[in-house]
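Input: a single structure, listed below in C-alpha cells.
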Amino acid sequence: MPLFGKPHKSPADIVKTLKENLAILVKHDKKADKASDEVSKCLVSMKEILYGSNDKEPHTETVAQLAQELYNSGLLISLVENLQVIDFEGKKDVCQIFNNILRRQIGTRCPTVEYFCSHQEVLFILLKGYETPQVALNCGIMLRECIRHEPLAKIVLHSDDFHNFFGYVEMSTFDIASDAFATFKDLLTRHKVLVAEYLGQNYDAVFADYEKLLHSDNYVTKRQSLKLLGELLLDRNNFTVMTRYISKPENLKLMMNLLRDKSPNIQFEAFHVFKVFVANPNKTQPIVDILLKNQTKLIDFLNNFQNDRSDDEQFNDEKTYLIKQIRDLKKPTS
Amino acid sequence: MQKYILMIVKQKSVVKCGKKQKKILVIDFSFIFTDFSASHVTNSSGSMSFLRWVSEKLSVESLRDLELFGEQAQGLSHRKAHEDSQESLTSLPHPDSMGSFLPDSSSYELLTVIGKGLDDLMTVNMARYKPTGEHVAIRRIDLESCTNDMVTYLQGELHVSKLFHHSSILPYKSVFIAENELWVITPFMAYGSARDLICTHFTDGMSELTIAYILLGMLKALEYIHHMGYVHRSVKASHVLISADGQVCMSGLRSIFSLIRNGQRAKVVHDFPQYSVKVLPWLSPEVLQQNLQGYDSRSDIYSLGITACELANGHVPFKDMPATQMLLEKLNGTVPCLLDTTTIPPEELSLKPSRSGADSGICEGPRTGGVRHSNGDPSSSSGGHPYNRTFSPHFHNFVELCLQRDPVNRPSAATLISHPFIKQIKRRPSEALPELLQPVSPITCFESTQPLDSVSGLASLESGFSQLEVDDWDF
C-alpha cells in the first residue's frame, strides 16, 4: 500500500467506477470530460493489475478477481462495444486488457474463451469494427487474439459475417485493409483441420468470393490473395479442396492469364498455383483440353518465363518438370 | 604507423573464427591502440578522453583515408546526402491540425522529389493535396521491387504508426495503394531530416543549442514510445525531421518492437531488427551482441547518444567501419565522444585542416595563429580547425550518460529531459530553432522543378512485360 495518497482500489471498485463512467461517456453527458479522465485512469489501473509494473509482477489472486468482475459485470464486452467513445490511448489499453484476459488459463481451461463462446456477439462487434476507421486496428488486434482459439475461430468462420472479409481486405485505406487481410489469413491457415472442413462444406460460396480478390484492381490484394491461395491449395490438409479446385477449367484459365500479369511477382505467385494443375496425375478432360490447345504456346512461354530467377533451383526444377509434362501430353487417339 | 593499422585490418578478418581467438584479439586490439597512440602523437596527455579520441579517429576516419576501405571520404557526405535522408519531409505549422486526406492518388499533384530511402525502393515527393491546396510529403514505395517479406514488414510499420499519437512523432495522414506503389501521406517537414542538415550545411556539426532542441524533440518522442512499451531500434539523425516552424518529429518506425505481446509484458527483447544494416553504427552493444540477456528501451538511449555525436561531429562514429570491428569496439567499451578542445589534443587543433579533413577532423598541414575557442558554435570557426570549439561540460556529461556500456546505468528518456544540457533551452522551438538553423532556410518553393516521373515504376513494369509477349491463350 502506498504511503501517501489513496490506497489502490480493489478490482471490484475499478470495474464499478469504469462501468459508471463509460455509461456517462456513451450518453454524451455534459460531464463527459471528467468521465473520460476516469475511464482512462481505471483502464491504466486495470492494465497494471494484469501486466504488473516495472518493479511488480502481477498478483495472481487480484488478476483472478478482476477477470471474474469483468465477466460478471459484462464490462469486458461493453468496453469493446463502446470502444469508439474511449480516448486514443484508452483504446489501446482496452486491447491490452482484452488480450491479457483472453490468454488466461486455469489448468487446461481458458475461462475467457468459454465466456466468449456463450457471448458470441463480442466476436461480431470486433469484426464489424473494420467498418469504423477509429477503432478498426484495435478491433483487429483483439479479433486476431480471439481466433488463436479454435472454438472462437470456428464461430467466426462459420458465420455469414465471415464473407465481409472479402470487402474489408480491399478497402482503400491500406492500413485497415492490411490488418483485415492479416486476420483473414489467420482464419484460413491457423486451424488446419477446422479450415479444411469448412472449405469442403462451403467450397462454392468461398471460392466465388475469393475469385473476386484475384481479379482485384488493388495490386496488393491481388498479390497477397494469390499467394495465400497457393499456400491453401498446397497444404496437405486441404487435399480435397485442392483436387476440386484444379478440376475446374475456369480456374486454370484464370491462372494462365495471371501468369501473364504485368507484375512479375503476381506471375510468380500464379505459377505456384498453375503448377498444381499440370502436375496433377488425374487431370480432368477439360483441363487436358486447355493444356493441349495451348501446348506449343505454353512450352514457349515457360521456356522464357522468369529466366532471371536462375539461382532459384526449386523454381527451375519445377519449370523443367512442367514443360516436360506439357510436352508429353498426348492428344486423344480418336 | 601504417603497419599497425594494416595489422588491425588483417586481424579483423580472423575475428569470426572462434570464441577463443576473439578473446585474444580483444586484448590485441587494446594493445595496438595504446601503442598507436603513444607512437603517433608525442607529448600524449594519456588521458582517457584522448585515448577515446584516438580510437574513434583511428576506427572511423584514418582507415578510410588510407584507402583500406576502398572508398574516399572526400565529398562522400555530400554525395550521400540525398540517398540517406530517407525521411525527408513535412510540415505545416501543426501537423496535428491537418485534416483527413483522401486515400486516392488522383487527389494529389506530385511535385519535386525531395528524398530517397529504403535502398532506393522509396521516393519521397513533395505534393499538393488538390482538395485543399495543402502541401504534403508522399513516400512512394515500389512494392513490385519488394519481396513478400518486405511487404509484410512495411505493413507492420503502418500498423504501428497508427497506434501512436504524439506531437513529436511524424503522423501518417493517409496510406493507400496507387498502382503498384504504396503511398504514405505525411505532413511536409521543410527543413528535411537532421541528417540532411549536417550533410548539406553543418558538415562539421551543429551548435550545441541547436542539438539540444533536436534532442529534446527526440527525447519527448522516445519517452512516449518507451512508456507505450516499445523499443524504437532505429534512432538516428536521418529519422528526425524538422518542420518550417521548428517542430522536431521522430520517424523511422519500421524497426519498432513492442515489449507487450501475447497478453504479457516482456522485460527484454531478443529479436534482432530486420533490414538494419544501415543502422548498425547507432545500435547499442547489447542489441548487436544478441545474447540471452536481451535488451530494452535503454538501447534507444545509447542510439540517442550516438546521434548526439553525429549531430555535433557532422558524422556518425563507427560509420564505414566493418560490422565486426564496430561490434568489437562497442563491446570493448570504446566510447565515442564529442570532438572539441577537451577531447582533441591542442597540437591537433593547431593544424590547419585541409578540405578533405574538414569533415573528418583529420589534419594535414600546419596552421598559423592561436587557438580559438568558438564555444560550441562551429559555424563561426571558419578558417580554424572545425573542432576547435568547446562544448559545455553538461553536453559532454549528457553524451557520456547515454553511452554507458551497461544499459542499467543509462538514464531513461524522462530523466534525460531534465538534464542540465536540455534545461539550457529557454525559448520555444518554434521561435528558436529556425533562427539557430540559419543560414539554412526551409524549402518554401513548392513549384515542380523537374518533370514528373510519376508512374515510372509502372512504366518499367510494362516494358518488362513486353519481352514476355506471346499470343493470347486459346480457351
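Naming scheme: A, B, ... for chains in displayed order of the C-alpha cells; residues 1 onward per chain; ligands 1 onward as shown.
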
Query raised in the report: Mind listing as a ChimeraX atom specification which residues of chain A are within 7 Å of chain B, counting only C-alpha atoms?
Result: /A:51,96,99-100,103,172-175,178,218-219,262-263,265,290,293-294

Requested in this report: Would you please give, as a PyMOL selection string, all residues of segment 88-312 of chain B that DSSP assigns to alpha helix (DSSP H) based on the backbone?
Outcome: chain B and resi 148-161+194-200+208-227+285-289+298-312

Query raised in the report: Got a sec: who's within 12 Å of segment 282-289 of chain A, counting only C-alpha atoms, leaving out chain neighbours fewer than 5 positions off, as a ChimeraX atom specification?
Result: /A:243-253,256,274,276-277,294-295,325-332 /B:474-475

Distance query Asn237 of chain A at most 12 Å, only C-alpha atoms, self and fewer than 6 positions along chain excluded, as a PDB file with all heavy atoms, in the first residue's frame:
ATOM      1  N   LEU A 188      -7.817 -18.556 -42.096  1.00  0.00           N
ATOM      2  CA  LEU A 188      -7.775 -19.621 -43.095  1.00  0.00           C
ATOM      3  C   LEU A 188      -6.549 -20.531 -42.975  1.00  0.00           C
ATOM      4  O   LEU A 188      -6.429 -21.512 -43.708  1.00  0.00           O
ATOM      5  CB  LEU A 188      -7.815 -19.022 -44.505  1.00  0.00           C
ATOM      6  CG  LEU A 188      -9.160 -18.425 -44.923  1.00  0.00           C
ATOM      7  CD1 LEU A 188      -9.079 -17.794 -46.295  1.00  0.00           C
ATOM      8  CD2 LEU A 188     -10.263 -19.495 -44.902  1.00  0.00           C
ATOM      9  N   THR A 189      -5.648 -20.198 -42.085  1.00  0.00           N
ATOM     10  CA  THR A 189      -4.435 -21.024 -42.016  1.00  0.00           C
ATOM     11  C   THR A 189      -4.108 -21.556 -40.623  1.00  0.00           C
ATOM     12  O   THR A 189      -3.325 -22.484 -40.489  1.00  0.00           O
ATOM     13  CB  THR A 189      -3.195 -20.231 -42.511  1.00  0.00           C
ATOM     14  OG1 THR A 189      -3.151 -18.981 -41.840  1.00  0.00           O
ATOM     15  CG2 THR A 189      -3.256 -19.984 -44.002  1.00  0.00           C
ATOM     16  N   ARG A 190      -4.679 -20.953 -39.591  1.00  0.00           N
ATOM     17  CA  ARG A 190      -4.221 -21.309 -38.249  1.00  0.00           C
ATOM     18  C   ARG A 190      -4.690 -22.682 -37.782  1.00  0.00           C
ATOM     19  O   ARG A 190      -3.906 -23.459 -37.241  1.00  0.00           O
ATOM     20  CB  ARG A 190      -4.658 -20.248 -37.241  1.00  0.00           C
ATOM     21  CG  ARG A 190      -3.987 -20.398 -35.905  1.00  0.00           C
ATOM     22  CD  ARG A 190      -4.350 -19.246 -35.003  1.00  0.00           C
ATOM     23  NE  ARG A 190      -3.397 -18.160 -35.120  1.00  0.00           N
ATOM     24  CZ  ARG A 190      -2.237 -18.133 -34.463  1.00  0.00           C
ATOM     25  NH1 ARG A 190      -1.902 -19.131 -33.687  1.00  0.00           N
ATOM     26  NH2 ARG A 190      -1.432 -17.119 -34.582  1.00  0.00           N
ATOM     27  N   HIS A 191      -5.960 -22.956 -37.991  1.00  0.00           N
ATOM     28  CA  HIS A 191      -6.504 -24.241 -37.517  1.00  0.00           C
ATOM     29  C   HIS A 191      -6.801 -25.112 -38.735  1.00  0.00           C
ATOM     30  O   HIS A 191      -7.898 -25.074 -39.291  1.00  0.00           O
ATOM     31  CB  HIS A 191      -7.761 -24.011 -36.676  1.00  0.00           C
ATOM     32  CG  HIS A 191      -7.548 -23.002 -35.585  1.00  0.00           C
ATOM     33  ND1 HIS A 191      -6.840 -23.290 -34.441  1.00  0.00           N
ATOM     34  CD2 HIS A 191      -7.910 -21.694 -35.482  1.00  0.00           C
ATOM     35  CE1 HIS A 191      -6.789 -22.201 -33.668  1.00  0.00           C
ATOM     36  NE2 HIS A 191      -7.431 -21.221 -34.285  1.00  0.00           N
ATOM     37  N   LYS A 192      -5.799 -25.890 -39.137  1.00  0.00           N
ATOM     38  CA  LYS A 192      -5.822 -26.589 -40.433  1.00  0.00           C
ATOM     39  C   LYS A 192      -7.042 -27.489 -40.624  1.00  0.00           C
ATOM     40  O   LYS A 192      -7.692 -27.459 -41.665  1.00  0.00           O
ATOM     41  CB  LYS A 192      -4.561 -27.444 -40.579  1.00  0.00           C
ATOM     42  CG  LYS A 192      -3.271 -26.704 -40.312  1.00  0.00           C
ATOM     43  CD  LYS A 192      -2.770 -26.020 -41.556  1.00  0.00           C
ATOM     44  CE  LYS A 192      -1.396 -25.421 -41.317  1.00  0.00           C
ATOM     45  NZ  LYS A 192      -1.153 -24.280 -42.211  1.00  0.00           N
ATOM     46  N   VAL A 193      -7.333 -28.305 -39.624  1.00  0.00           N
ATOM     47  CA  VAL A 193      -8.410 -29.273 -39.777  1.00  0.00           C
ATOM     48  C   VAL A 193      -9.758 -28.557 -39.873  1.00  0.00           C
ATOM     49  O   VAL A 193     -10.582 -28.860 -40.745  1.00  0.00           O
ATOM     50  CB  VAL A 193      -8.405 -30.270 -38.606  1.00  0.00           C
ATOM     51  CG1 VAL A 193      -9.533 -31.287 -38.752  1.00  0.00           C
ATOM     52  CG2 VAL A 193      -7.054 -30.981 -38.530  1.00  0.00           C
ATOM     53  N   LEU A 194      -9.917 -27.589 -38.986  1.00  0.00           N
ATOM     54  CA  LEU A 194     -11.142 -26.794 -38.992  1.00  0.00           C
ATOM     55  C   LEU A 194     -11.358 -26.143 -40.362  1.00  0.00           C
ATOM     56  O   LEU A 194     -12.459 -26.168 -40.921  1.00  0.00           O
ATOM     57  CB  LEU A 194     -11.025 -25.721 -37.904  1.00  0.00           C
ATOM     58  CG  LEU A 194     -12.122 -24.644 -37.868  1.00  0.00           C
ATOM     59  CD1 LEU A 194     -13.426 -25.243 -37.358  1.00  0.00           C
ATOM     60  CD2 LEU A 194     -11.702 -23.475 -36.975  1.00  0.00           C
ATOM     61  N   VAL A 195     -10.286 -25.569 -40.908  1.00  0.00           N
ATOM     62  CA  VAL A 195     -10.390 -24.855 -42.177  1.00  0.00           C
ATOM     63  C   VAL A 195     -10.696 -25.821 -43.323  1.00  0.00           C
ATOM     64  O   VAL A 195     -11.557 -25.549 -44.167  1.00  0.00           O
ATOM     65  CB  VAL A 195      -9.089 -24.064 -42.460  1.00  0.00           C
ATOM     66  CG1 VAL A 195      -9.087 -23.518 -43.873  1.00  0.00           C
ATOM     67  CG2 VAL A 195      -8.925 -22.947 -41.450  1.00  0.00           C
ATOM     68  N   ALA A 196     -10.019 -26.963 -43.334  1.00  0.00           N
ATOM     69  CA  ALA A 196     -10.240 -27.950 -44.401  1.00  0.00           C
ATOM     70  C   ALA A 196     -11.712 -28.360 -44.424  1.00  0.00           C
ATOM     71  O   ALA A 196     -12.347 -28.424 -45.481  1.00  0.00           O
ATOM     72  CB  ALA A 196      -9.348 -29.160 -44.188  1.00  0.00           C
ATOM     73  N   GLU A 197     -12.228 -28.588 -43.245  1.00  0.00           N
ATOM     74  CA  GLU A 197     -13.623 -28.995 -43.127  1.00  0.00           C
ATOM     75  C   GLU A 197     -14.551 -27.869 -43.613  1.00  0.00           C
ATOM     76  O   GLU A 197     -15.473 -28.086 -44.398  1.00  0.00           O
ATOM     77  CB  GLU A 197     -13.890 -29.295 -41.651  1.00  0.00           C
ATOM     78  CG  GLU A 197     -15.199 -29.963 -41.336  1.00  0.00           C
ATOM     79  CD  GLU A 197     -15.354 -30.037 -39.818  1.00  0.00           C
ATOM     80  OE1 GLU A 197     -14.754 -30.932 -39.198  1.00  0.00           O
ATOM     81  OE2 GLU A 197     -16.044 -29.158 -39.253  1.00  0.00           O
ATOM     82  N   TYR A 198     -14.229 -26.661 -43.190  1.00  0.00           N
ATOM     83  CA  TYR A 198     -15.047 -25.510 -43.566  1.00  0.00           C
ATOM     84  C   TYR A 198     -15.017 -25.295 -45.075  1.00  0.00           C
ATOM     85  O   TYR A 198     -16.065 -25.115 -45.710  1.00  0.00           O
ATOM     86  CB  TYR A 198     -14.544 -24.250 -42.845  1.00  0.00           C
ATOM     87  CG  TYR A 198     -15.152 -22.977 -43.383  1.00  0.00           C
ATOM     88  CD1 TYR A 198     -16.473 -22.639 -43.070  1.00  0.00           C
ATOM     89  CD2 TYR A 198     -14.432 -22.140 -44.228  1.00  0.00           C
ATOM     90  CE1 TYR A 198     -17.052 -21.483 -43.579  1.00  0.00           C
ATOM     91  CE2 TYR A 198     -15.001 -20.983 -44.745  1.00  0.00           C
ATOM     92  CZ  TYR A 198     -16.307 -20.662 -44.421  1.00  0.00           C
ATOM     93  OH  TYR A 198     -16.876 -19.528 -44.933  1.00  0.00           O
ATOM     94  N   LEU A 199     -13.824 -25.325 -45.669  1.00  0.00           N
ATOM     95  CA  LEU A 199     -13.713 -25.081 -47.104  1.00  0.00           C
ATOM     96  C   LEU A 199     -14.431 -26.181 -47.882  1.00  0.00           C
ATOM     97  O   LEU A 199     -15.059 -25.925 -48.906  1.00  0.00           O
ATOM     98  CB  LEU A 199     -12.244 -24.996 -47.524  1.00  0.00           C
ATOM     99  CG  LEU A 199     -11.472 -23.763 -47.054  1.00  0.00           C
ATOM    100  CD1 LEU A 199     -10.018 -23.843 -47.482  1.00  0.00           C
ATOM    101  CD2 LEU A 199     -12.108 -22.474 -47.584  1.00  0.00           C
ATOM    102  N   GLY A 200     -14.333 -27.397 -47.377  1.00  0.00           N
ATOM    103  CA  GLY A 200     -15.034 -28.515 -48.016  1.00  0.00           C
ATOM    104  C   GLY A 200     -16.539 -28.271 -48.053  1.00  0.00           C
ATOM    105  O   GLY A 200     -17.190 -28.429 -49.087  1.00  0.00           O
ATOM    106  N   GLU A 231      -0.781 -21.144 -50.976  1.00  0.00           N
ATOM    107  CA  GLU A 231      -0.493 -21.794 -49.700  1.00  0.00           C
ATOM    108  C   GLU A 231      -1.627 -22.724 -49.279  1.00  0.00           C
ATOM    109  O   GLU A 231      -1.392 -23.821 -48.788  1.00  0.00           O
ATOM    110  CB  GLU A 231      -0.282 -20.729 -48.611  1.00  0.00           C
ATOM    111  CG  GLU A 231       1.062 -20.005 -48.721  1.00  0.00           C
ATOM    112  CD  GLU A 231       1.170 -18.792 -47.803  1.00  0.00           C
ATOM    113  OE1 GLU A 231       0.481 -18.779 -46.747  1.00  0.00           O
ATOM    114  OE2 GLU A 231       1.910 -17.867 -48.152  1.00  0.00           O
ATOM    115  N   THR A 243      -8.040 -30.741 -54.949  1.00  0.00           N
ATOM    116  CA  THR A 243      -8.482 -31.592 -56.057  1.00  0.00           C
ATOM    117  C   THR A 243      -9.672 -30.956 -56.772  1.00  0.00           C
ATOM    118  O   THR A 243      -9.763 -30.955 -58.002  1.00  0.00           O
ATOM    119  CB  THR A 243      -8.905 -32.980 -55.520  1.00  0.00           C
ATOM    120  OG1 THR A 243      -8.032 -33.333 -54.465  1.00  0.00           O
ATOM    121  CG2 THR A 243      -8.838 -34.025 -56.599  1.00  0.00           C
TER     122      THR A 243
END

Query raised in the report: In Å to one decimal, how far is atom CA of Asp149 of chain B from atom CA of Asp119 of chain B?
Result: 15.4 Å

Report task. Can you work out the spacing between atom CA of Val399 of chain B and atom CA of Leu351 of chain B in Å, to one decimal? Result ->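 Computing it gives 26.5 Å between the two atoms.
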
Query - Two-atom distance - atom CA of Phe398 of chain B, atom CA of Arg195 of chain B (Å) - result: 20.4 Å

Query - Residues near Phe165 of chain A, cut-off 10 Å, only C-alpha atoms, skip fewer than 4 positions along chain, as a list in words - result: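 Counting only C-alpha atoms, the residues come to Leu127, Lys128, Tyr130, Asp161, Val169, Glu170, Met171, Ala177, Ala180, Phe181, Thr183, Phe184 and Asp209 of chain A.
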
Requested in this report: Give me every strand (DSSP E or B) residue in segment 36-193 of chain A, going by DSSP on the backbone, as a list in words.
Outcome: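 Of segment 36-193 of chain A, only Ser53, Lys56, Ile106 and Arg109 of chain A fall in strand (DSSP E or B).
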
Report task. Using only C-alpha atoms, determine which residues lie at most 9 Å from Glu223 of chain B, disregarding the query and same-chain residues fewer than 2 positions distant; provide the list as an NGL selection string. Result -> :B and (218-221 or 225-228 or 412-414 or 417)

Only N, CA and C atoms, please: the residues just picked out, written as a short mmCIF file (atom, residue, chain, number, x, y, z; two decimals), in the first residue's frame.
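Saved as out_9.cif:
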data_model
loop_
_atom_site.label_atom_id
_atom_site.label_comp_id
_atom_site.auth_asym_id
_atom_site.auth_seq_id
_atom_site.Cartn_x
_atom_site.Cartn_y
_atom_site.Cartn_z
N MET B 218 13.49 14.53 -29.76
CA MET B 218 13.68 13.08 -29.80
C MET B 218 13.35 12.44 -28.46
N LEU B 219 13.78 13.11 -27.38
CA LEU B 219 13.52 12.56 -26.05
C LEU B 219 12.04 12.49 -25.74
N LYS B 220 11.31 13.53 -26.17
CA LYS B 220 9.86 13.52 -25.94
C LYS B 220 9.23 12.34 -26.67
N ALA B 221 9.65 12.14 -27.93
CA ALA B 221 9.11 11.02 -28.70
C ALA B 221 9.48 9.70 -28.03
N ILE B 225 7.21 6.63 -26.66
CA ILE B 225 7.37 5.30 -27.23
C ILE B 225 7.71 4.27 -26.14
N HIS B 226 8.62 4.64 -25.26
CA HIS B 226 9.02 3.71 -24.20
C HIS B 226 7.88 3.50 -23.20
N HIS B 227 7.17 4.57 -22.90
CA HIS B 227 6.04 4.46 -21.99
C HIS B 227 4.98 3.51 -22.55
N MET B 228 4.85 3.50 -23.87
CA MET B 228 3.88 2.62 -24.52
C MET B 228 4.39 1.18 -24.59
N SER B 412 16.72 7.13 -18.15
CA SER B 412 15.58 6.99 -19.04
C SER B 412 15.38 8.29 -19.81
N ALA B 413 14.56 8.22 -20.87
CA ALA B 413 14.27 9.42 -21.66
C ALA B 413 13.67 10.50 -20.75
N ALA B 414 12.77 10.09 -19.87
CA ALA B 414 12.11 11.05 -18.98
C ALA B 414 13.13 11.76 -18.10
N ILE B 417 15.29 14.36 -20.02
CA ILE B 417 14.63 15.61 -20.37
C ILE B 417 14.94 16.69 -19.33
#

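Shortest separation to Glu48 of chain A among A:Pro151, A:Gly230, A:Gly74, A:Pro11 occurs at residue A:Pro11, atoms counted being only C-alpha atoms.
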
Query - Contacts of Ser45 of chain A within 12 Å, only C-alpha atoms, excl. fewer than 3 positions in-chain, as a PyMOL selection string - result: chain A and resi 8-15+17-18+38-42+48-53+58+62-63+66+90+93-94+97

Query raised in the report: Of the residues B:Arg233, B:Arg427, B:His385, B:Trp282, which is the one nearest to Pro346 of chain B, using only C-alpha atoms?
Result: B:His385
